[in-house]
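Read through the structure below, which is laid out as structure tokens, and then see the notes.
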Amino acid sequence: MSSVKERFLKYVQVETTSCEANGTCPSTPGQKELGRLLVSDLQELGITDARMDEHGYVYASIPAKGVEPRPAIGLIAHMDTSDAVPGATCPQIIPSYDGGTIRLRNGVEISGFDFLPGLKGQELIVTSGDSVLGADDKAGVAEIVTLCERLLAPDAPDHGKICIGFTPDEEIGRGADLFDIKNFGADFAYTVDGGALGELEYECFNAASCKVTVKGVNIHPGSAKDQMINASLVAMEFARILPPWERPEHTEGYEGFYHLTGMSGNEESAELRYILRDHNRSKLEEKKETMLAARDWLNRRYGEGTVTVDLKDSYRNMKEIVEQHPEILARAEKAFRENGVEPLIQPIRGGTDGAQLSFRGLPCPNLSTGGYNFHGRKELIPVPAMEKMVEVLISLVC
Ligand SMILES: [Zn+2]
């Protein structure tokens with residue numbers, strides 16, 4: 001019998017960094033390698049329908065046990081890792097953390113995080129300092145596979161049908177794109193993709209992107225008086241109109257933002273690229289209105305057609321959908337509490353595959369994995385947190 005820790009250590013050693021520049025699905029071949037490994041692990045446990053489709057999505061199910069009718073519950077985790085730092089990891093184990101500074105193999109130090117003192121005495125898995133750990137989201141994957149093992153044991157408690165899904169390319173926002181909800185067969189689902197033990201998330205941003213294009217009038221600078229309209233300067237004026245306090249670096253919690261993600265330009269033409277985010281949909285609409293008002297103001301000043309604004313909606317806050325099914329959240333809260341974990345409900349300052357799945361008909365809040373410091377070299381996960389999450393998942397489905 002393999003433990004959640006052994007599984008996790010095995011999965012993090014497969015390089016599965018996703019790559020936004022690649023148009024294929026999965027975006028990188030390593031994800032299918034992990035997918036094949038997961039199918040074989042699930043089959044070894046006795047799950048005969050474990051399979052991977054041509055896009056790298058892994059599906060499996062465990063039939064209901066017992067006579068009482070129960071809902072079919074889906075559990076979803078993603079196989080890829082963030083490309084912020086290299087992916088293939090040589091994890092390091094700290095058998096009993098002393099509560100002090102953690103020195104990684106390459107000299108990087110982990111200290112100063114609020115959560116560290118609370119982990120004293122626990123067994124931790126950390127990186128070598130050269131890569132992400134991949135607890136986001138291979139901890140979720142390992143916890144779900146270990147849950148399957150527990151449910152297939154002869155003495156397992158009764159449960160409804162369990163539907164398992166492992167997705168590629170979540171980190172590049174495509175994890176839900178080709179997810180086969182119909183054949184998945186769940187009434188509702190949970191992604192196991194959050195951070196610290198107890199996190200329960202069902203609110204994410206409403207999101208839009210915006211391209212601002214400026215057309216200038218270029219003329220030799222020596223004879224430009226009263227003639228030139230410098231597109232780059234108009235673009236800078238546009239940027240100045242937006243409230244500086246509503247930027248990512250000045251916002252937290254439920255505060256939305258305008259985020260300039262790129263700019264280019266000369267006298268003739270200029271372009272600004274923004275993403276707009278807000279948990280509140282009408283406030284996101286207000287941000288879009290502000291972009292249009294800035295365009296109109298500059299056009300009145302420099303002439304119609306100088307500034308154009310191209311707005312596109314990206315994703316929506318899944319709260320709209322999940323709120324209609326309070327029993328799904330209550331079930332998760334109960335599962336945490338049954339295992340002595342106080343649920344920590346907080347808004348996600350980003351998006352999640354669960355949002356897209358929720359709007360496509362599969363309500364899907366997000367549960368913790370137990371990990372910390374995702375997307376960086378200082379990522380780590382306590383082994384007891386992973387073990388606890390397996391117990392929480394059992395309470396959730398039984
Ligand atoms: Zn993740």
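A note on labels: chains of the structure tokens are A, B, ... as shown, every chain counts residues from 1, and ligands are counted from 1 in their shown order.
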
Worksheet entry | Surrounding residues of segment 199-209 of chain A excluding itself and chain neighbours under 4 positions, 6 Å, only C-alpha atoms, as a VMD selection string | chain A and resid 274 to 279 311 to 319 343 to 348 350 to 351 365 to 368

Item to complete: Enumerate as JSON, numbers by chain all residues of segment 134-318 of chain A assigned to strand (DSSP E) by DSSP on the backbone, naming them with the chain letters and numbers the document uses.
Response: {"A": [162, 163, 164, 165, 166, 167, 188, 189, 190, 191, 192, 193, 194, 199, 200, 201, 206, 207, 208, 209, 210, 211, 212, 213, 214, 215, 257, 258, 259, 260, 261, 262, 263, 264, 265, 269, 270, 271, 272, 273, 274, 275, 276, 277, 278, 307, 308, 309, 310, 311, 312, 313, 314, 315]}

Write out as a tab-separated table a residue-level contact list of chain A versus ligand 1 with cut-off 10 Å: for each qualifying residue the closest pair of atoms and the distance in Å to one decimal, counting only C-alpha atoms and all ligand atoms, rows sorted by chain and residue number upward.
```
residue	atom	partner	partner_atom_place_in_ligand_line	distance
A:Ala77	CA	ligand 1	1 (Zn)	7.7
A:His78	CA	ligand 1	1 (Zn)	6.5
A:Met79	CA	ligand 1	1 (Zn)	8.7
A:Asp80	CA	ligand 1	1 (Zn)	8.2
A:Thr81	CA	ligand 1	1 (Zn)	7.4
A:Ser82	CA	ligand 1	1 (Zn)	8.1
A:Gly134	CA	ligand 1	1 (Zn)	8.8
A:Ala135	CA	ligand 1	1 (Zn)	8.3
A:Asp136	CA	ligand 1	1 (Zn)	4.5
A:Asp137	CA	ligand 1	1 (Zn)	4.8
A:Lys138	CA	ligand 1	1 (Zn)	8.6
A:Ala139	CA	ligand 1	1 (Zn)	9.7
A:Gly140	CA	ligand 1	1 (Zn)	8.7
A:Asp169	CA	ligand 1	1 (Zn)	9.8
A:Glu170	CA	ligand 1	1 (Zn)	6.8
A:Glu171	CA	ligand 1	1 (Zn)	6.6
A:Thr191	CA	ligand 1	1 (Zn)	9.1
A:Val192	CA	ligand 1	1 (Zn)	8.4
A:Asp193	CA	ligand 1	1 (Zn)	4.9
A:Gly194	CA	ligand 1	1 (Zn)	6.8
A:Gly195	CA	ligand 1	1 (Zn)	8.7
A:Thr352	CA	ligand 1	1 (Zn)	8.1
A:Asp353	CA	ligand 1	1 (Zn)	9.1
A:Asn366	CA	ligand 1	1 (Zn)	10.0
A:Thr369	CA	ligand 1	1 (Zn)	9.4
A:Phe374	CA	ligand 1	1 (Zn)	8.0
A:His375	CA	ligand 1	1 (Zn)	8.8
```

Worksheet entry | Among the residues A:Gly354, A:Pro363, A:Gly56, A:Gly340, the one that comes closest to Pro326 of chain A [using only C-alpha atoms] | A:Pro363

For Leu133 of chain A, find every residue with an atom within 12 Å (counting only C-alpha atoms), except residues of its own chain fewer than 5 positions away, and show them as a compact mmCIF listing (two decimals) with all heavy atoms, in the first residue's frame.
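And here is the file that came out, result-v7.txt:
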```
# COMPACT_ATOMS: atom_id res chain seq x y z
N PHE A 8 2.90 11.49 -3.89
CA PHE A 8 3.26 12.88 -4.17
C PHE A 8 4.71 12.96 -4.66
O PHE A 8 5.00 13.59 -5.68
CB PHE A 8 3.06 13.73 -2.90
CG PHE A 8 3.49 15.15 -3.07
CD1 PHE A 8 2.77 16.02 -3.87
CD2 PHE A 8 4.65 15.63 -2.45
CE1 PHE A 8 3.16 17.34 -4.03
CE2 PHE A 8 5.05 16.94 -2.61
CZ PHE A 8 4.31 17.80 -3.41
N LEU A 9 5.62 12.28 -3.94
CA LEU A 9 7.05 12.33 -4.31
C LEU A 9 7.27 11.75 -5.70
O LEU A 9 8.14 12.20 -6.44
CB LEU A 9 7.89 11.60 -3.26
CG LEU A 9 7.96 12.30 -1.90
CD1 LEU A 9 8.67 11.41 -0.88
CD2 LEU A 9 8.65 13.66 -2.01
N LYS A 10 6.47 10.77 -6.06
CA LYS A 10 6.59 10.17 -7.40
C LYS A 10 6.08 11.15 -8.47
O LYS A 10 6.74 11.38 -9.47
CB LYS A 10 5.79 8.87 -7.42
CG LYS A 10 5.83 8.12 -8.74
CD LYS A 10 5.34 6.68 -8.61
CE LYS A 10 3.82 6.61 -8.52
NZ LYS A 10 3.29 5.23 -8.64
N TYR A 11 4.94 11.77 -8.22
CA TYR A 11 4.34 12.63 -9.26
C TYR A 11 5.13 13.92 -9.49
O TYR A 11 5.18 14.42 -10.60
CB TYR A 11 2.87 12.97 -8.89
CG TYR A 11 1.97 11.76 -8.73
CD1 TYR A 11 0.85 11.79 -7.89
CD2 TYR A 11 2.25 10.57 -9.41
CE1 TYR A 11 0.03 10.67 -7.74
CE2 TYR A 11 1.44 9.45 -9.25
CZ TYR A 11 0.34 9.50 -8.40
OH TYR A 11 -0.47 8.41 -8.24
N VAL A 12 5.72 14.48 -8.42
CA VAL A 12 6.43 15.76 -8.61
C VAL A 12 7.71 15.59 -9.42
O VAL A 12 8.26 16.57 -9.91
CB VAL A 12 6.79 16.48 -7.28
CG1 VAL A 12 5.55 16.92 -6.55
CG2 VAL A 12 7.70 15.67 -6.40
N GLN A 13 8.16 14.34 -9.59
CA GLN A 13 9.39 14.17 -10.35
C GLN A 13 9.15 14.08 -11.85
O GLN A 13 10.11 14.04 -12.63
CB GLN A 13 10.15 12.96 -9.82
CG GLN A 13 10.70 13.30 -8.43
CD GLN A 13 11.47 12.18 -7.80
OE1 GLN A 13 12.47 11.73 -8.34
NE2 GLN A 13 10.99 11.71 -6.66
N VAL A 14 7.88 14.09 -12.26
CA VAL A 14 7.59 14.16 -13.70
C VAL A 14 7.45 15.64 -14.06
O VAL A 14 6.68 16.37 -13.45
CB VAL A 14 6.27 13.42 -14.04
CG1 VAL A 14 6.06 13.41 -15.55
CG2 VAL A 14 6.29 12.01 -13.47
N GLU A 15 8.21 16.08 -15.06
CA GLU A 15 8.21 17.50 -15.46
C GLU A 15 6.93 17.79 -16.27
O GLU A 15 6.72 17.23 -17.34
CB GLU A 15 9.48 17.76 -16.27
CG GLU A 15 9.42 18.85 -17.33
CD GLU A 15 9.38 20.23 -16.75
OE1 GLU A 15 8.29 20.62 -16.31
OE2 GLU A 15 10.42 20.91 -16.74
N THR A 16 6.07 18.64 -15.73
CA THR A 16 4.78 18.92 -16.40
C THR A 16 4.50 20.41 -16.52
O THR A 16 3.34 20.82 -16.52
CB THR A 16 3.62 18.26 -15.62
OG1 THR A 16 3.60 18.79 -14.28
CG2 THR A 16 3.73 16.75 -15.57
N THR A 17 5.54 21.23 -16.60
CA THR A 17 5.33 22.68 -16.77
C THR A 17 4.50 22.92 -18.04
O THR A 17 4.86 22.43 -19.10
CB THR A 17 6.68 23.39 -16.93
OG1 THR A 17 7.56 22.95 -15.90
CG2 THR A 17 6.52 24.90 -16.86
N ASP A 80 -0.53 19.94 -14.54
CA ASP A 80 0.57 20.82 -14.96
C ASP A 80 1.04 21.69 -13.79
O ASP A 80 0.36 21.81 -12.77
CB ASP A 80 0.13 21.71 -16.12
CG ASP A 80 -0.99 22.67 -15.74
OD1 ASP A 80 -1.93 22.24 -15.05
OD2 ASP A 80 -0.92 23.86 -16.11
N THR A 81 2.23 22.27 -13.96
CA THR A 81 2.75 23.20 -12.96
C THR A 81 3.07 24.54 -13.63
O THR A 81 3.23 24.62 -14.85
CB THR A 81 4.03 22.66 -12.28
OG1 THR A 81 4.97 22.32 -13.29
CG2 THR A 81 3.73 21.43 -11.44
N SER A 82 3.13 25.58 -12.81
CA SER A 82 3.37 26.94 -13.28
C SER A 82 4.73 27.07 -13.96
O SER A 82 5.71 26.44 -13.55
CB SER A 82 3.32 27.88 -12.08
OG SER A 82 4.01 29.07 -12.35
N ASP A 83 4.80 27.93 -14.98
CA ASP A 83 6.08 28.12 -15.67
C ASP A 83 6.89 29.27 -15.08
O ASP A 83 7.89 29.69 -15.64
CB ASP A 83 5.85 28.33 -17.18
CG ASP A 83 5.12 29.64 -17.45
OD1 ASP A 83 4.72 30.32 -16.48
OD2 ASP A 83 4.95 29.98 -18.63
N ALA A 84 6.47 29.76 -13.90
CA ALA A 84 7.18 30.87 -13.28
C ALA A 84 8.64 30.51 -12.94
O ALA A 84 9.54 31.33 -13.05
CB ALA A 84 6.45 31.33 -12.02
N VAL A 85 8.86 29.27 -12.55
CA VAL A 85 10.20 28.74 -12.28
C VAL A 85 10.24 27.31 -12.85
O VAL A 85 9.19 26.73 -13.09
CB VAL A 85 10.54 28.69 -10.77
CG1 VAL A 85 11.42 29.83 -10.35
CG2 VAL A 85 9.31 28.67 -9.90
N PRO A 86 11.44 26.72 -13.05
CA PRO A 86 11.49 25.38 -13.63
C PRO A 86 10.62 24.36 -12.88
O PRO A 86 10.33 24.53 -11.69
CB PRO A 86 12.97 25.00 -13.54
CG PRO A 86 13.68 26.30 -13.54
CD PRO A 86 12.78 27.27 -12.83
N GLY A 87 10.23 23.30 -13.60
CA GLY A 87 9.23 22.39 -13.06
C GLY A 87 9.75 21.10 -12.45
O GLY A 87 9.30 20.69 -11.39
N ALA A 88 10.70 20.44 -13.12
CA ALA A 88 11.12 19.12 -12.64
C ALA A 88 11.81 19.29 -11.29
O ALA A 88 12.76 20.04 -11.15
CB ALA A 88 12.07 18.47 -13.63
N THR A 89 11.33 18.60 -10.31
CA THR A 89 11.80 18.90 -8.96
C THR A 89 12.50 17.71 -8.31
O THR A 89 12.16 16.58 -8.58
CB THR A 89 10.61 19.38 -8.10
OG1 THR A 89 11.09 19.90 -6.89
CG2 THR A 89 9.63 18.28 -7.82
N CYS A 90 13.52 18.00 -7.51
CA CYS A 90 14.15 16.97 -6.68
C CYS A 90 13.80 17.34 -5.25
O CYS A 90 14.52 18.11 -4.60
CB CYS A 90 15.65 16.97 -6.84
SG CYS A 90 16.17 16.58 -8.49
N PRO A 91 12.67 16.88 -4.75
CA PRO A 91 12.21 17.35 -3.44
C PRO A 91 13.14 16.93 -2.32
O PRO A 91 13.92 15.99 -2.44
CB PRO A 91 10.85 16.69 -3.30
CG PRO A 91 10.84 15.53 -4.22
CD PRO A 91 11.79 15.86 -5.32
N GLN A 92 13.02 17.64 -1.24
CA GLN A 92 13.85 17.41 -0.07
C GLN A 92 12.88 17.22 1.10
O GLN A 92 11.85 17.91 1.16
CB GLN A 92 14.63 18.70 0.15
CG GLN A 92 16.00 18.57 0.72
CD GLN A 92 16.65 19.97 0.79
OE1 GLN A 92 16.42 20.84 -0.04
NE2 GLN A 92 17.44 20.15 1.83
N ILE A 93 13.22 16.32 2.03
CA ILE A 93 12.31 16.08 3.15
C ILE A 93 12.93 16.58 4.44
O ILE A 93 14.11 16.32 4.72
CB ILE A 93 11.98 14.58 3.26
CG1 ILE A 93 11.16 14.16 2.03
CG2 ILE A 93 11.20 14.27 4.54
CD1 ILE A 93 10.92 12.69 1.90
N LEU A 104 17.46 25.63 1.85
CA LEU A 104 17.30 24.66 0.76
C LEU A 104 18.67 24.26 0.22
O LEU A 104 19.68 24.93 0.50
CB LEU A 104 16.43 25.25 -0.35
CG LEU A 104 15.03 25.68 0.12
CD1 LEU A 104 14.26 26.32 -1.03
CD2 LEU A 104 14.26 24.48 0.67
N LEU A 124 8.01 18.13 6.61
CA LEU A 124 7.76 19.02 5.48
C LEU A 124 8.44 18.48 4.22
O LEU A 124 9.52 17.87 4.29
CB LEU A 124 8.34 20.42 5.74
CG LEU A 124 7.88 21.19 6.97
CD1 LEU A 124 8.48 22.61 6.94
CD2 LEU A 124 6.36 21.27 7.05
N ILE A 125 7.81 18.73 3.08
CA ILE A 125 8.48 18.48 1.79
C ILE A 125 8.74 19.83 1.15
O ILE A 125 7.82 20.65 1.03
CB ILE A 125 7.63 17.59 0.88
CG1 ILE A 125 7.29 16.27 1.60
CG2 ILE A 125 8.38 17.29 -0.43
CD1 ILE A 125 6.39 15.34 0.81
N VAL A 126 10.00 20.09 0.81
CA VAL A 126 10.39 21.37 0.22
C VAL A 126 11.13 21.09 -1.10
O VAL A 126 11.38 19.94 -1.46
CB VAL A 126 11.32 22.17 1.18
CG1 VAL A 126 10.61 22.50 2.47
CG2 VAL A 126 12.60 21.37 1.48
N THR A 127 11.47 22.16 -1.82
CA THR A 127 12.20 22.00 -3.08
C THR A 127 13.70 22.01 -2.81
O THR A 127 14.15 22.27 -1.69
CB THR A 127 11.90 23.16 -4.05
OG1 THR A 127 12.58 24.33 -3.57
CG2 THR A 127 10.41 23.46 -4.12
N SER A 128 14.47 21.77 -3.88
CA SER A 128 15.93 21.91 -3.76
C SER A 128 16.31 23.38 -3.80
O SER A 128 17.45 23.74 -3.55
CB SER A 128 16.60 21.17 -4.91
OG SER A 128 16.16 21.75 -6.13
N LYS A 138 -0.01 18.76 -7.67
CA LYS A 138 0.20 17.31 -7.56
C LYS A 138 -0.13 16.81 -6.16
O LYS A 138 -0.35 15.61 -5.97
CB LYS A 138 1.62 16.96 -7.98
CG LYS A 138 1.79 17.15 -9.49
CD LYS A 138 3.21 17.14 -9.93
CE LYS A 138 3.28 17.45 -11.42
NZ LYS A 138 4.67 17.63 -11.87
N ALA A 139 -0.20 17.74 -5.18
CA ALA A 139 -0.70 17.34 -3.86
C ALA A 139 -2.16 16.95 -4.00
O ALA A 139 -2.61 15.93 -3.46
CB ALA A 139 -0.52 18.47 -2.86
N GLY A 371 -0.82 22.92 0.85
CA GLY A 371 0.49 23.49 0.49
C GLY A 371 0.58 24.99 0.70
O GLY A 371 -0.41 25.67 0.97
N TYR A 372 1.82 25.51 0.58
CA TYR A 372 2.10 26.94 0.76
C TYR A 372 3.03 27.45 -0.34
O TYR A 372 3.79 26.66 -0.93
CB TYR A 372 2.80 27.19 2.10
CG TYR A 372 1.97 26.84 3.31
CD1 TYR A 372 2.04 25.57 3.87
CD2 TYR A 372 1.12 27.78 3.90
CE1 TYR A 372 1.29 25.24 4.99
CE2 TYR A 372 0.37 27.47 5.02
CZ TYR A 372 0.46 26.20 5.56
OH TYR A 372 -0.29 25.87 6.67
N ASN A 373 3.01 28.75 -0.57
CA ASN A 373 3.96 29.44 -1.45
C ASN A 373 3.98 28.87 -2.87
O ASN A 373 5.06 28.65 -3.45
CB ASN A 373 5.39 29.37 -0.87
CG ASN A 373 5.55 30.17 0.39
OD1 ASN A 373 4.66 30.93 0.77
ND2 ASN A 373 6.67 30.01 1.06
N PHE A 374 2.81 28.65 -3.43
CA PHE A 374 2.72 28.10 -4.78
C PHE A 374 3.43 29.01 -5.80
O PHE A 374 3.54 30.20 -5.60
CB PHE A 374 1.26 27.94 -5.19
CG PHE A 374 0.55 26.81 -4.46
CD1 PHE A 374 -0.82 26.67 -4.58
CD2 PHE A 374 1.25 25.91 -3.68
CE1 PHE A 374 -1.49 25.65 -3.93
CE2 PHE A 374 0.58 24.87 -3.03
CZ PHE A 374 -0.80 24.75 -3.16
N HIS A 375 3.85 28.42 -6.89
CA HIS A 375 4.45 29.10 -8.05
C HIS A 375 5.83 29.67 -7.74
O HIS A 375 6.29 30.57 -8.44
CB HIS A 375 3.56 30.23 -8.60
CG HIS A 375 2.26 29.73 -9.16
ND1 HIS A 375 1.48 30.46 -10.00
CD2 HIS A 375 1.62 28.55 -9.00
CE1 HIS A 375 0.39 29.75 -10.32
NE2 HIS A 375 0.46 28.59 -9.72
N GLY A 376 6.50 29.17 -6.72
CA GLY A 376 7.83 29.69 -6.44
C GLY A 376 8.76 28.62 -5.90
O GLY A 376 8.33 27.50 -5.62
N ARG A 377 10.02 29.00 -5.75
CA ARG A 377 11.03 28.06 -5.24
C ARG A 377 10.83 27.74 -3.77
O ARG A 377 11.38 26.76 -3.27
CB ARG A 377 12.43 28.66 -5.42
CG ARG A 377 12.82 28.88 -6.86
CD ARG A 377 14.05 29.77 -6.98
NE ARG A 377 14.07 30.41 -8.30
CZ ARG A 377 14.62 29.87 -9.37
NH1 ARG A 377 15.25 28.73 -9.27
NH2 ARG A 377 14.57 30.47 -10.53
N LYS A 378 10.07 28.58 -3.07
CA LYS A 378 9.87 28.38 -1.63
C LYS A 378 8.59 27.61 -1.33
O LYS A 378 8.12 27.59 -0.20
CB LYS A 378 9.88 29.73 -0.92
CG LYS A 378 11.22 30.45 -1.07
CD LYS A 378 11.26 31.77 -0.36
CE LYS A 378 12.62 32.43 -0.61
NZ LYS A 378 12.76 33.70 0.10
N GLU A 379 8.05 27.00 -2.39
CA GLU A 379 6.83 26.19 -2.21
C GLU A 379 7.13 25.04 -1.26
O GLU A 379 8.23 24.46 -1.27
CB GLU A 379 6.41 25.64 -3.58
CG GLU A 379 5.03 24.99 -3.59
CD GLU A 379 4.66 24.43 -4.96
OE1 GLU A 379 5.48 24.50 -5.90
OE2 GLU A 379 3.55 23.90 -5.07
N LEU A 380 6.17 24.69 -0.40
CA LEU A 380 6.37 23.56 0.50
C LEU A 380 5.02 22.99 0.91
O LEU A 380 3.98 23.64 0.77
CB LEU A 380 7.16 23.99 1.75
CG LEU A 380 6.57 25.07 2.65
CD1 LEU A 380 5.69 24.45 3.74
CD2 LEU A 380 7.68 25.89 3.29
N ILE A 381 5.06 21.73 1.41
CA ILE A 381 3.82 21.14 1.91
C ILE A 381 4.13 20.24 3.10
O ILE A 381 5.09 19.47 3.07
CB ILE A 381 3.07 20.38 0.79
CG1 ILE A 381 1.64 20.04 1.24
CG2 ILE A 381 3.81 19.13 0.33
CD1 ILE A 381 0.69 19.72 0.11
```

Discussion item. Neighbouring residues of Leu393 of chain A were defined as those with any atom within 12 Å, considering only C-alpha atoms; residues of the same chain fewer than 5 positions away were excluded. Please report them as a ChimeraX atom specification.
Written reply: /A:73-76,140,142-148,150-151,159,162,189-192,198,331-339,367-369,386-388,398

Worksheet item: If you measure from atom CA of Leu298 of chain A to atom CA of Ala239 of chain A, what distance in Å do you get, rounded to one decimal?
Response: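 Atom-to-atom, atom CA of Leu298 of chain A and atom CA of Ala239 of chain A are spaced 11.3 Å apart.
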
Worksheet item: From the set A:Lys5, A:Pro157, A:Arg103, A:Ala294, which residue has the shortest atom-to-atom contact distance to Gly66 of chain A, counting only C-alpha atoms?
Response: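 Ranked by minimum distance to Gly66 of chain A, first place goes to A:Pro157.
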
Worksheet, complete the sentence: As a check of understanding: the span from atom CA of Leu233 of chain A to atom CA of Gly265 of chain A is 9.2 Å

Counting only C-alpha atoms, which residues in segment 243-333 of chain A sit no more than 9 Å from segment 213-222 of chain A? For each one, give the nearest pair of atoms and the distance in Å, sorted by chain then residue number, as CSV.
```
residue,atom,partner,partner_atom,distance
A:Gly265,CA,A:Val214,CA,8.7
A:Asn266,CA,A:Gly216,CA,8.7
A:Glu267,CA,A:Asn218,CA,5.8
A:Glu268,CA,A:Gly216,CA,4.6
A:Ser269,CA,A:Lys215,CA,4.8
A:Ala270,CA,A:Val214,CA,5.0
A:Glu271,CA,A:Thr213,CA,4.6
A:Leu272,CA,A:Thr213,CA,6.7
A:Arg273,CA,A:Thr213,CA,8.8
A:Gly305,CA,A:Lys215,CA,7.5
A:Thr306,CA,A:Lys215,CA,4.9
A:Val307,CA,A:Val214,CA,4.6
A:Thr308,CA,A:Thr213,CA,5.2
A:Val309,CA,A:Thr213,CA,6.4
A:Asp310,CA,A:Thr213,CA,8.2
```
